[in-house]
file final-v1.csv (CSV, C-alpha atoms)
chain,number,residue,atom,x,y,z
A,30,MET,CA,35.7,158.6,77.4
A,31,ASN,CA,39.0,160.0,76.4
A,32,VAL,CA,40.7,160.4,72.9
A,33,LEU,CA,42.6,157.2,73.3
A,34,GLN,CA,39.5,155.1,74.0
A,35,ALA,CA,37.5,156.8,71.1
A,36,GLY,CA,40.5,156.2,68.8
A,37,ALA,CA,40.7,152.5,69.8
A,38,LEU,CA,36.9,152.0,69.2
A,39,ILE,CA,37.1,153.6,65.8
A,40,LEU,CA,40.2,151.4,64.9
A,41,VAL,CA,38.3,148.3,66.0
A,42,GLY,CA,35.3,149.3,63.9
A,43,LEU,CA,37.6,149.8,60.8
A,44,GLY,CA,39.5,146.6,61.5
A,45,GLY,CA,36.3,144.5,61.8
A,46,THR,CA,35.0,146.0,58.5
A,47,GLY,CA,38.4,145.2,56.9
A,48,VAL,CA,38.1,141.5,57.9
A,49,VAL,CA,34.7,141.3,56.3
A,50,ILE,CA,35.6,143.2,53.2
A,51,CYS,CA,38.7,141.0,52.6
A,52,ARG,CA,37.6,138.1,50.3
A,53,ASP,CA,40.8,136.1,49.9
A,54,PRO,CA,41.0,133.7,52.9
A,55,LEU,CA,44.8,134.0,53.1
A,56,ARG,CA,44.7,137.7,53.5
A,57,GLN,CA,41.7,137.5,55.7
A,58,ALA,CA,43.6,135.3,58.1
A,59,ILE,CA,46.3,138.0,58.4
A,60,VAL,CA,43.8,140.9,58.7
A,61,SER,CA,41.9,139.0,61.4
A,62,GLY,CA,45.2,138.7,63.3
A,63,VAL,CA,45.7,142.5,63.1
A,64,PHE,CA,42.0,142.9,64.2
A,65,GLY,CA,42.8,140.7,67.2
A,66,LEU,CA,45.7,143.0,68.1
A,67,LEU,CA,43.4,146.1,67.7
A,68,LEU,CA,40.8,144.4,70.0
A,69,ALA,CA,43.6,143.8,72.6
A,70,ILE,CA,44.6,147.5,72.4
A,71,LEU,CA,40.9,148.4,72.9
A,72,PHE,CA,40.6,146.2,76.0
A,73,PHE,CA,43.9,147.6,77.3
A,74,VAL,CA,42.8,151.3,77.0
A,75,PHE,CA,39.6,150.4,78.8
A,76,GLN,CA,41.7,149.1,81.6
A,77,ALA,CA,41.2,145.3,81.2
A,78,PRO,CA,44.7,144.0,80.8
A,79,ASP,CA,43.8,140.4,81.6
A,80,VAL,CA,41.3,140.3,78.8
A,81,ALA,CA,43.7,142.1,76.5
A,82,LEU,CA,46.3,139.4,77.1
A,83,SER,CA,43.8,136.6,76.4
A,84,GLU,CA,42.8,138.4,73.2
A,85,ILE,CA,46.4,138.7,72.1
A,86,VAL,CA,47.2,135.0,72.6
A,87,ILE,CA,44.0,133.8,70.9
A,88,GLY,CA,43.3,136.5,68.3
A,89,ALA,CA,46.9,137.1,67.1
A,90,VAL,CA,48.5,133.8,67.8
A,91,ALA,CA,46.3,130.7,68.0
A,92,LEU,CA,43.5,131.6,65.5
A,93,PRO,CA,45.6,132.8,62.6
A,94,VAL,CA,47.9,129.8,62.9
A,95,MET,CA,45.0,127.4,62.7
A,96,ILE,CA,43.5,129.2,59.8
A,97,LEU,CA,46.8,129.3,57.9
A,98,LEU,CA,47.6,125.6,58.5
A,99,THR,CA,44.0,124.7,57.3
A,100,LEU,CA,44.4,126.8,54.2
A,101,ALA,CA,47.7,125.1,53.5
A,102,LYS,CA,46.0,121.7,53.7
A,103,LEU,CA,43.1,122.9,51.5
A,104,ARG,CA,45.4,124.3,48.9
A,105,GLU,CA,47.2,121.1,48.6
A,106,HIS,CA,43.8,119.3,48.1
A,107,ARG,CA,43.0,121.7,45.4
A,108,ASP,CA,46.3,121.0,43.7
A,109,ASP,CA,45.6,117.3,43.9
A,110,GLU,CA,42.1,117.4,42.3
A,111,PRO,CA,43.0,117.6,38.6
A,112,GLU,CA,44.9,114.3,39.0
A,113,ILE,CA,41.7,112.6,39.9
A,114,GLU,CA,39.9,113.9,36.8
A,115,GLN,CA,42.6,112.9,34.4
B,19,MET,CA,15.2,134.4,46.6
B,20,SER,CA,16.3,137.0,44.1
B,21,HIS,CA,19.4,139.2,44.7
B,22,ARG,CA,17.2,142.3,45.3
B,23,GLY,CA,14.9,140.4,47.6
B,24,ARG,CA,17.9,139.3,49.7
B,25,ARG,CA,19.3,142.8,49.8
B,26,GLY,CA,16.0,144.2,50.9
B,27,LEU,CA,15.6,141.6,53.7
B,28,PHE,CA,19.2,142.4,54.8
B,29,LEU,CA,18.6,146.1,54.9
B,30,VAL,CA,15.4,145.7,57.0
B,31,ALA,CA,17.2,143.3,59.4
B,32,ALA,CA,20.3,145.5,59.6
B,33,ALA,CA,18.2,148.6,60.4
B,34,GLY,CA,16.3,146.7,63.1
B,35,LEU,CA,19.5,145.4,64.6
B,36,ALA,CA,21.1,148.9,64.5
B,37,ALA,CA,18.0,150.4,66.3
B,38,LEU,CA,18.2,147.7,69.0
B,39,LEU,CA,21.9,148.3,69.5
B,40,VAL,CA,21.6,152.1,69.7
B,41,HIS,CA,18.7,151.6,72.2
B,42,GLY,CA,20.7,149.2,74.3
B,43,LEU,CA,23.9,151.2,74.2
B,44,ALA,CA,22.1,154.4,75.2
B,45,GLY,CA,21.1,152.7,78.5
B,46,LEU,CA,24.6,151.7,79.5
B,47,PRO,CA,26.4,153.6,82.3
B,48,GLY,CA,29.3,155.8,81.3
B,49,VAL,CA,32.9,154.5,81.1
B,50,GLY,CA,34.2,154.0,84.6
B,51,HIS,CA,30.8,154.3,86.3
B,52,PHE,CA,29.9,150.7,86.8
B,53,HIS,CA,27.3,150.1,89.5
B,54,GLY,CA,27.0,146.3,89.7
B,55,ARG,CA,26.9,145.3,93.4
B,56,TYR,CA,29.0,142.1,92.9
B,57,GLY,CA,31.8,144.0,91.2
B,58,LEU,CA,31.9,146.8,93.7
B,59,LEU,CA,31.9,144.3,96.6
B,60,LEU,CA,34.7,142.2,95.2
B,61,ALA,CA,36.8,145.4,94.4
B,62,HIS,CA,36.7,146.1,98.1
B,63,VAL,CA,37.1,142.7,99.8
B,64,ALA,CA,39.1,140.6,97.3
B,65,VAL,CA,42.6,142.0,98.0
B,66,PRO,CA,42.5,141.9,101.8
B,67,GLU,CA,40.6,138.6,101.8
B,68,ARG,CA,42.9,136.7,99.4
B,69,GLN,CA,46.2,138.6,99.5
B,70,ALA,CA,46.3,138.5,95.7
B,71,THR,CA,46.8,141.8,93.9
B,72,ASP,CA,45.1,140.8,90.6
B,73,ILE,CA,41.4,140.8,91.5
B,74,VAL,CA,40.5,139.4,88.0
B,75,ASN,CA,42.4,136.2,88.8
B,76,SER,CA,41.0,136.1,92.3
B,77,ILE,CA,37.6,135.9,90.6
B,78,THR,CA,38.6,133.4,87.8
B,79,TYR,CA,40.5,131.0,90.1
B,80,ASP,CA,38.8,131.5,93.4
B,81,TYR,CA,35.4,133.2,93.7
B,82,ARG,CA,34.2,131.8,90.4
B,83,GLY,CA,36.7,128.9,90.2
B,84,VAL,CA,33.9,126.5,89.2
B,85,ASP,CA,33.3,128.4,86.0
B,86,THR,CA,37.0,128.2,85.1
B,87,MET,CA,37.0,124.5,85.7
B,88,GLY,CA,34.1,124.2,83.3
B,89,GLU,CA,36.0,126.2,80.7
B,90,GLU,CA,39.1,124.2,81.3
B,91,PHE,CA,37.2,121.0,80.6
B,92,ILE,CA,35.6,122.6,77.4
B,93,LEU,CA,39.2,123.1,76.1
B,94,PHE,CA,40.2,119.6,77.2
B,95,ALA,CA,37.2,118.1,75.4
B,96,SER,CA,37.8,120.2,72.2
B,97,ALA,CA,41.4,119.2,72.0
B,98,VAL,CA,40.6,115.5,72.4
B,99,GLY,CA,37.8,115.8,69.9
B,100,LEU,CA,40.2,117.5,67.4
B,101,VAL,CA,42.7,114.7,67.8
B,102,ILE,CA,40.0,112.1,67.0
B,103,VAL,CA,38.7,114.0,64.0
B,104,LEU,CA,42.2,114.6,62.6
B,105,ARG,CA,43.5,111.0,63.2
B,106,ARG,CA,45.2,109.3,60.3
B,107,MET,CA,42.5,107.9,58.0
B,108,ARG,CA,42.6,104.7,55.9
B,109,GLY,CA,44.6,105.3,52.8
B,110,GLU,CA,46.5,108.3,54.2
B,111,ARG,CA,50.2,108.0,54.5
B,112,GLN,CA,52.9,110.2,55.9
B,113,ASP,CA,55.0,112.0,53.3
B,114,ASP,CA,58.4,112.7,54.7
B,115,ASP,CA,59.4,114.8,51.7
B,116,ARG,CA,56.9,117.4,52.6
B,117,ASP,CA,57.8,120.0,55.2
B,118,ARG,CA,61.3,118.6,55.2
B,119,ASP,CA,63.5,119.7,58.0
B,120,ASP,CA,65.7,122.5,56.8
B,121,ALA,CA,68.7,121.3,58.8
B,122,SER,CA,68.8,117.9,56.9
B,123,GLU,CA,68.2,119.7,53.6
B,124,SER,CA,71.2,122.0,53.9
B,125,ALA,CA,73.3,118.9,54.8
B,126,VAL,CA,72.6,117.4,51.4
B,127,GLY,CA,73.4,120.8,49.8
B,128,ARG,CA,69.9,121.8,48.6
B,129,PRO,CA,68.7,125.3,49.3
B,130,SER,CA,66.3,125.5,52.2
B,131,GLN,CA,62.7,126.8,51.8
B,132,THR,CA,62.8,129.0,54.8
B,133,SER,CA,64.5,132.4,54.6
B,134,ALA,CA,67.6,132.9,56.9
B,135,ALA,CA,65.9,135.8,58.7
B,136,LEU,CA,62.9,133.7,59.6
B,137,ARG,CA,65.1,130.8,60.8
B,138,VAL,CA,67.3,133.0,63.0
B,139,LEU,CA,64.5,135.1,64.4
B,140,GLY,CA,62.3,132.1,65.0
B,141,LEU,CA,64.9,130.1,66.9
B,142,ALA,CA,66.2,133.2,68.8
B,143,LEU,CA,62.7,133.9,70.1
B,144,VAL,CA,62.0,130.4,71.4
B,145,GLY,CA,63.8,130.9,74.7
B,146,PRO,CA,62.3,134.4,75.5
B,147,VAL,CA,58.8,133.1,74.6
B,148,LEU,CA,59.1,130.1,76.9
B,149,VAL,CA,60.3,132.4,79.7
B,150,LEU,CA,57.4,134.7,79.1
B,151,GLY,CA,54.9,131.8,79.2
B,152,ILE,CA,56.3,130.5,82.5
B,153,TYR,CA,56.2,134.1,83.8
B,154,PHE,CA,52.6,134.6,83.0
B,155,ALA,CA,51.5,131.2,84.3
B,156,SER,CA,53.3,131.7,87.6
B,157,GLN,CA,52.4,135.4,88.3
B,158,GLY,CA,48.6,135.2,87.8
B,159,GLN,CA,48.0,136.1,91.5
B,160,LEU,CA,50.1,139.3,91.2
B,161,THR,CA,49.8,140.8,87.8
B,162,PRO,CA,47.5,140.4,84.8
B,163,GLY,CA,48.0,137.2,83.0
B,164,GLY,CA,47.6,133.7,84.5
B,165,GLY,CA,47.5,130.1,83.4
B,166,PHE,CA,45.5,130.5,80.3
B,167,GLN,CA,47.6,133.2,78.7
B,168,GLY,CA,50.8,131.6,79.9
B,169,GLY,CA,49.8,128.2,78.5
B,170,VAL,CA,49.0,129.5,75.0
B,171,ILE,CA,52.3,131.4,75.0
B,172,LEU,CA,54.2,128.2,75.9
B,173,ALA,CA,52.5,126.4,73.0
B,174,ALA,CA,53.4,129.3,70.7
B,175,ALA,CA,57.1,128.5,71.2
B,176,LEU,CA,56.4,125.3,69.2
B,177,ILE,CA,55.0,127.4,66.3
B,178,LEU,CA,58.2,129.4,66.3
B,179,VAL,CA,60.3,126.2,65.9
B,180,TYR,CA,57.9,125.1,63.1
B,181,LEU,CA,58.2,128.5,61.4
B,182,ALA,CA,62.0,128.3,61.6
B,183,GLY,CA,61.7,125.3,59.3
B,184,ARG,CA,62.7,122.8,61.9
B,185,TYR,CA,59.9,120.3,61.5
B,186,ARG,CA,61.8,117.2,62.8
B,187,ALA,CA,63.3,119.2,65.7
B,188,MET,CA,59.7,120.3,66.5
B,189,THR,CA,58.4,116.7,66.5
B,190,ARG,CA,61.1,115.8,69.0
B,191,LEU,CA,60.2,118.8,71.1
B,192,ARG,CA,56.6,117.6,71.5
B,193,PRO,CA,56.4,113.9,72.3
B,194,ILE,CA,52.7,113.4,72.0
B,195,PRO,CA,52.3,111.0,75.0
B,196,VAL,CA,54.0,113.5,77.2
B,197,VAL,CA,51.9,116.4,75.9
B,198,GLU,CA,48.7,114.4,76.4
B,199,LEU,CA,49.9,113.5,79.9
B,200,ALA,CA,50.5,117.2,80.7
B,201,GLU,CA,47.1,118.1,79.4
B,202,GLY,CA,45.4,115.3,81.5
B,203,LEU,CA,47.4,116.2,84.6
B,204,GLY,CA,46.5,119.8,84.3
B,205,ALA,CA,42.8,119.1,84.0
B,206,ALA,CA,42.9,116.5,86.8
B,207,GLY,CA,45.0,118.8,89.0
B,208,TYR,CA,42.3,121.5,88.9
B,209,ALA,CA,39.7,119.0,90.1
B,210,ALA,CA,42.1,117.6,92.7
B,211,ILE,CA,42.7,121.0,94.2
B,212,GLY,CA,39.0,121.5,94.3
B,213,VAL,CA,38.5,118.3,96.1
B,214,GLY,CA,41.3,119.4,98.5
B,215,GLY,CA,39.1,122.3,99.5
B,216,LEU,CA,36.3,119.8,100.1
B,217,ILE,CA,38.6,117.8,102.4
B,218,ALA,CA,40.1,120.7,104.2
B,219,GLY,CA,36.9,122.6,104.7
B,220,ALA,CA,33.4,122.1,103.5
B,221,ARG,CA,33.4,123.5,100.0
B,222,PHE,CA,34.6,122.5,96.6
B,223,LEU,CA,37.5,124.8,95.5
B,224,LEU,CA,37.8,126.4,98.9
B,225,ASN,CA,41.0,128.4,99.1
B,226,PHE,CA,42.5,126.1,101.8
B,227,ILE,CA,46.2,127.0,101.5
B,228,PRO,CA,47.6,129.8,103.8
B,229,GLN,CA,47.3,133.0,101.8
B,230,GLY,CA,50.8,134.4,102.5
B,231,SER,CA,51.6,138.1,102.3
B,232,MET,CA,50.3,140.3,99.5
B,233,GLY,CA,52.7,140.9,96.7
B,234,ASN,CA,54.8,137.8,97.2
B,235,LEU,CA,55.1,135.1,94.5
B,236,LEU,CA,53.7,132.6,97.0
B,237,SER,CA,50.5,134.5,97.8
B,238,GLY,CA,46.8,134.0,97.1
B,239,GLY,CA,46.7,130.4,98.4
B,240,THR,CA,45.2,128.1,95.7
B,241,ILE,CA,45.0,130.9,93.1
B,242,ALA,CA,48.7,130.5,92.2
B,243,LEU,CA,48.4,126.7,92.2
B,244,LEU,CA,45.2,126.6,90.1
B,245,SER,CA,46.8,129.1,87.7
B,246,ALA,CA,49.8,126.8,87.3
B,247,VAL,CA,47.7,123.7,86.6
B,248,VAL,CA,45.6,125.6,84.1
B,249,GLY,CA,48.9,126.7,82.4
B,250,LEU,CA,49.9,123.0,82.2
B,251,GLU,CA,46.5,122.0,80.7
B,252,VAL,CA,46.3,124.9,78.2
B,253,ALA,CA,49.9,124.4,77.1
B,254,GLY,CA,49.2,120.7,76.6
B,255,ALA,CA,45.9,121.3,74.8
B,256,PHE,CA,47.2,123.9,72.4
B,257,THR,CA,50.4,122.0,71.7
B,258,LEU,CA,48.2,119.0,70.8
B,259,VAL,CA,46.0,121.1,68.6
B,260,PHE,CA,48.9,122.8,66.8
B,261,ALA,CA,50.7,119.5,66.4
B,262,GLU,CA,47.6,117.9,64.8
B,263,PHE,CA,47.2,120.8,62.4
B,264,MET,CA,50.9,120.7,61.5
B,265,ASP,CA,50.9,116.9,61.0
B,266,GLN,CA,48.0,117.2,58.6
B,267,ARG,CA,50.4,118.9,56.2
B,268,ARG,CA,52.4,115.7,56.0
B,269,LEU,CA,49.5,113.4,55.4
B,270,THR,CA,48.8,112.6,51.7
B,271,GLY,CA,47.1,110.1,49.6
B,272,ARG,CA,43.5,110.4,50.7
B,273,ARG,CA,41.1,110.6,47.8
B,274,GLN,CA,37.4,111.1,48.1
call {"tool": "encode", "arguments": {"input": "final-v1.csv", "output": "structure tokens"}}
result
Amino acid sequence: MNVLQAGALILVGLGGTGVVICRDPLRQAIVSGVFGLLLAILFFVFQAPDVALSEIVIGAVALPVMILLTLAKLREHRDDEPEIEQ
Amino acid sequence: MSHRGRRGLFLVAAAGLAALLVHGLAGLPGVGHFHGRYGLLLAHVAVPERQATDIVNSITYDYRGVDTMGEEFILFASAVGLVIVLRRMRGERQDDDRDRDDASESAVGRPSQTSAALRVLGLALVGPVLVLGIYFASQGQLTPGGGFQGGVILAAALILVYLAGRYRAMTRLRPIPVVELAEGLGAAGYAAIGVGGLIAGARFLLNFIPQGSMGNLLSGGTIALLSAVVGLEVAGAFTLVFAEFMDQRRLTGRRQ
């Protein structure tokens, strides 16, 4: 294992911990996107470019977009709620 | 269970998991010293046999093509399921004021919600992203990539239009019936190519097209073709999924 691979492994470990530590869903969505990119770099330095590409398109594009759009919908529901109680 | 009890249980479980992981990882071969027979065999025979330079895609679209078909239909079923779950419910109505198209807003003289940088960058990237998606979906037999990655990138072009604040332009770009048709054709195309192998030879998903010469765009026989139909299916499925999520932003009025 070379320095690059060790570095990528450590970064993925830190990134994964960061996703768990982050408690605000909005920030968590962004941090998980960065984590997806780190995973893609890990796959790339371990010579798996096909998997790295799949990880980029899912981890850094598709997943954060779905989470962000869901959060936008949920926020709007939360804004609506006081109206029901009144 | 009390807070302390939960923490104790977690620590015991985490220690057990860590011990198992360390034990399992210690038995793995070193990086670059894989000894699986199937992998070594394919690394030697795949390129001369299929004339496709990307062995990973030779495996996904040919040697293990049936697995890919299963995965494709998983995505197909998930997208259809999502469309059903997120359909417009009773009491919900479309609110045209929300997510208003920035182009129509500036026409009436109101400031747009999207920053100029995001609008320009988003729209400028749409073309390159589309080209990149088509490139990936059509070069699967030659370089890393393939239909799945290409398809998601194609669908990402739609997100860029949405981010640029062009909601109405985006709805025109993705006529839902066409998207659904593309998704269905992609899924059906995969099965049809598989049946083609059954007709030409004796095996489902047999690579029945002449393999061409290595390194050309038209090489690898059915690998390129399957990659293209997967690209169509994935682009359709993800466009449908993103469209459903974006349209949810415009639905209001539902009270539980």
call {"tool": "closest_residue", "arguments": {"input": "final-v1.csv", "among": "B:Leu38, B:Val49, B:Ala135, B:Ala31", "to": "chain A", "atoms": "all atoms listed in the file"}}
result
B:Val49
call {"tool": "interface_residues", "arguments": {"input": "final-v1.csv", "of": "chain A", "to": "chain B", "cutoff": "9 Å", "atoms": "all atoms listed in the file", "output": "list in words"}}
result
Met30, Phe75, Ala77, Pro78, Asp79, Val80, Leu82, Ser83, Glu84, Ile85, Val86, Ile87, Val90, Ala91, Val94, Met95, Leu98, Thr99, Ala101, Lys102, Glu105, Asp109, Glu110 and Ile113 of chain A
call {"tool": "atom_distance", "arguments": {"input": "final-v1.csv", "atom1": "atom CA of Gly88 of chain B", "atom2": "atom CA of Ser76 of chain B"}}
result
16.4 Å
call {"tool": "atom_distance", "arguments": {"input": "final-v1.csv", "atom1": "atom CA of Leu43 of chain A", "atom2": "atom CA of Ala36 of chain B"}}
result
16.9 Å
call {"tool": "closest_residue", "arguments": {"input": "final-v1.csv", "among": "A:Val32, A:Ala58, A:Leu66, A:Val74", "to": "Leu92 of chain A", "atoms": "all atoms listed in the file"}}
result
A:Ala58
call {"tool": "residues_around", "arguments": {"input": "final-v1.csv", "residues": "Leu100 of chain A", "least_positions_apart": "4", "cutoff": "8 Å", "atoms": "only C-alpha atoms", "output": "PyMOL selection string"}}
result
chain A and resi 54-55+96+104
call {"tool": "atom_distance", "arguments": {"input": "final-v1.csv", "atom1": "atom CA of Gly183 of chain B", "atom2": "atom CA of Val149 of chain B"}}
result
21.6 Å
call {"tool": "residues_around", "arguments": {"input": "final-v1.csv", "residues": "segment 212-218 of chain B", "least_positions_apart": "4", "cutoff": "10 Å", "atoms": "all atoms listed in the file", "output": "PyMOL selection string"}}
result
chain B and resi 83-84+87+206-208+222-227+240+244
call {"tool": "closest_residue", "arguments": {"input": "final-v1.csv", "among": "B:Ala61, B:Ala253, B:Ala242, B:Leu43", "to": "Leu203 of chain B", "atoms": "only C-alpha atoms"}}
result
B:Ala253
call {"tool": "closest_residue", "arguments": {"input": "final-v1.csv", "among": "B:Leu58, B:Leu136, B:Phe91, B:Pro146", "to": "Ala255 of chain B", "atoms": "only C-alpha atoms"}}
result
B:Phe91
call {"tool": "residues_around", "arguments": {"input": "final-v1.csv", "residues": "segment 46-51 of chain A", "least_positions_apart": "2", "cutoff": "6 Å", "atoms": "only C-alpha atoms", "output": "list in words"}}
result
Leu43, Gly44, Asp53, Gln57, Val60 and Ser61 of chain A
call {"tool": "decode", "arguments": {"input": "final-v1.csv", "residues": "segment 43-94 of chain A", "atoms": "C-alpha atoms", "output": "CSV table (one decimal), in the first residue's frame"}}
result
chain,number,residue,atom,x,y,z
A,43,LEU,CA,-12.5,11.1,8.7
A,44,GLY,CA,-15.2,11.9,6.1
A,45,GLY,CA,-17.5,9.1,7.3
A,46,THR,CA,-17.1,10.2,10.9
A,47,GLY,CA,-17.9,13.8,9.8
A,48,VAL,CA,-21.2,12.6,8.2
A,49,VAL,CA,-22.2,10.9,11.5
A,50,ILE,CA,-21.1,13.8,13.7
A,51,CYS,CA,-23.0,16.4,11.6
A,52,ARG,CA,-26.4,16.7,13.2
A,53,ASP,CA,-28.1,19.3,11.0
A,54,PRO,CA,-29.7,17.4,8.1
A,55,LEU,CA,-29.0,20.2,5.6
A,56,ARG,CA,-25.3,20.2,6.4
A,57,GLN,CA,-25.2,16.5,6.6
A,58,ALA,CA,-26.5,16.3,3.0
A,59,ILE,CA,-23.6,18.4,1.8
A,60,VAL,CA,-21.0,16.6,4.0
A,61,SER,CA,-22.3,13.3,2.6
A,62,GLY,CA,-21.7,14.6,-0.9
A,63,VAL,CA,-18.1,15.4,0.0
A,64,PHE,CA,-17.8,11.9,1.6
A,65,GLY,CA,-19.0,10.5,-1.8
A,66,LEU,CA,-16.2,12.3,-3.5
A,67,LEU,CA,-13.7,11.0,-1.0
A,68,LEU,CA,-14.9,7.5,-1.6
A,69,ALA,CA,-14.6,8.0,-5.3
A,70,ILE,CA,-11.0,9.1,-4.8
A,71,LEU,CA,-10.4,6.0,-2.7
A,72,PHE,CA,-11.7,3.7,-5.4
A,73,PHE,CA,-9.6,5.6,-8.0
A,74,VAL,CA,-6.3,5.2,-6.1
A,75,PHE,CA,-7.1,1.5,-5.7
A,76,GLN,CA,-7.4,1.3,-9.5
A,77,ALA,CA,-11.1,0.9,-9.8
A,78,PRO,CA,-12.1,3.8,-12.1
A,79,ASP,CA,-15.5,2.2,-13.0
A,80,VAL,CA,-16.6,2.0,-9.4
A,81,ALA,CA,-15.2,5.5,-8.8
A,82,LEU,CA,-17.4,6.9,-11.6
A,83,SER,CA,-20.5,5.2,-10.2
A,84,GLU,CA,-19.7,6.5,-6.8
A,85,ILE,CA,-19.3,10.1,-8.1
A,86,VAL,CA,-22.6,10.0,-9.9
A,87,ILE,CA,-24.5,8.5,-7.0
A,88,GLY,CA,-22.7,9.9,-4.0
A,89,ALA,CA,-22.0,13.4,-5.2
A,90,VAL,CA,-24.9,14.0,-7.6
A,91,ALA,CA,-28.0,11.8,-7.1
A,92,LEU,CA,-28.1,11.3,-3.4
A,93,PRO,CA,-27.5,14.9,-2.2
A,94,VAL,CA,-30.0,16.2,-4.7
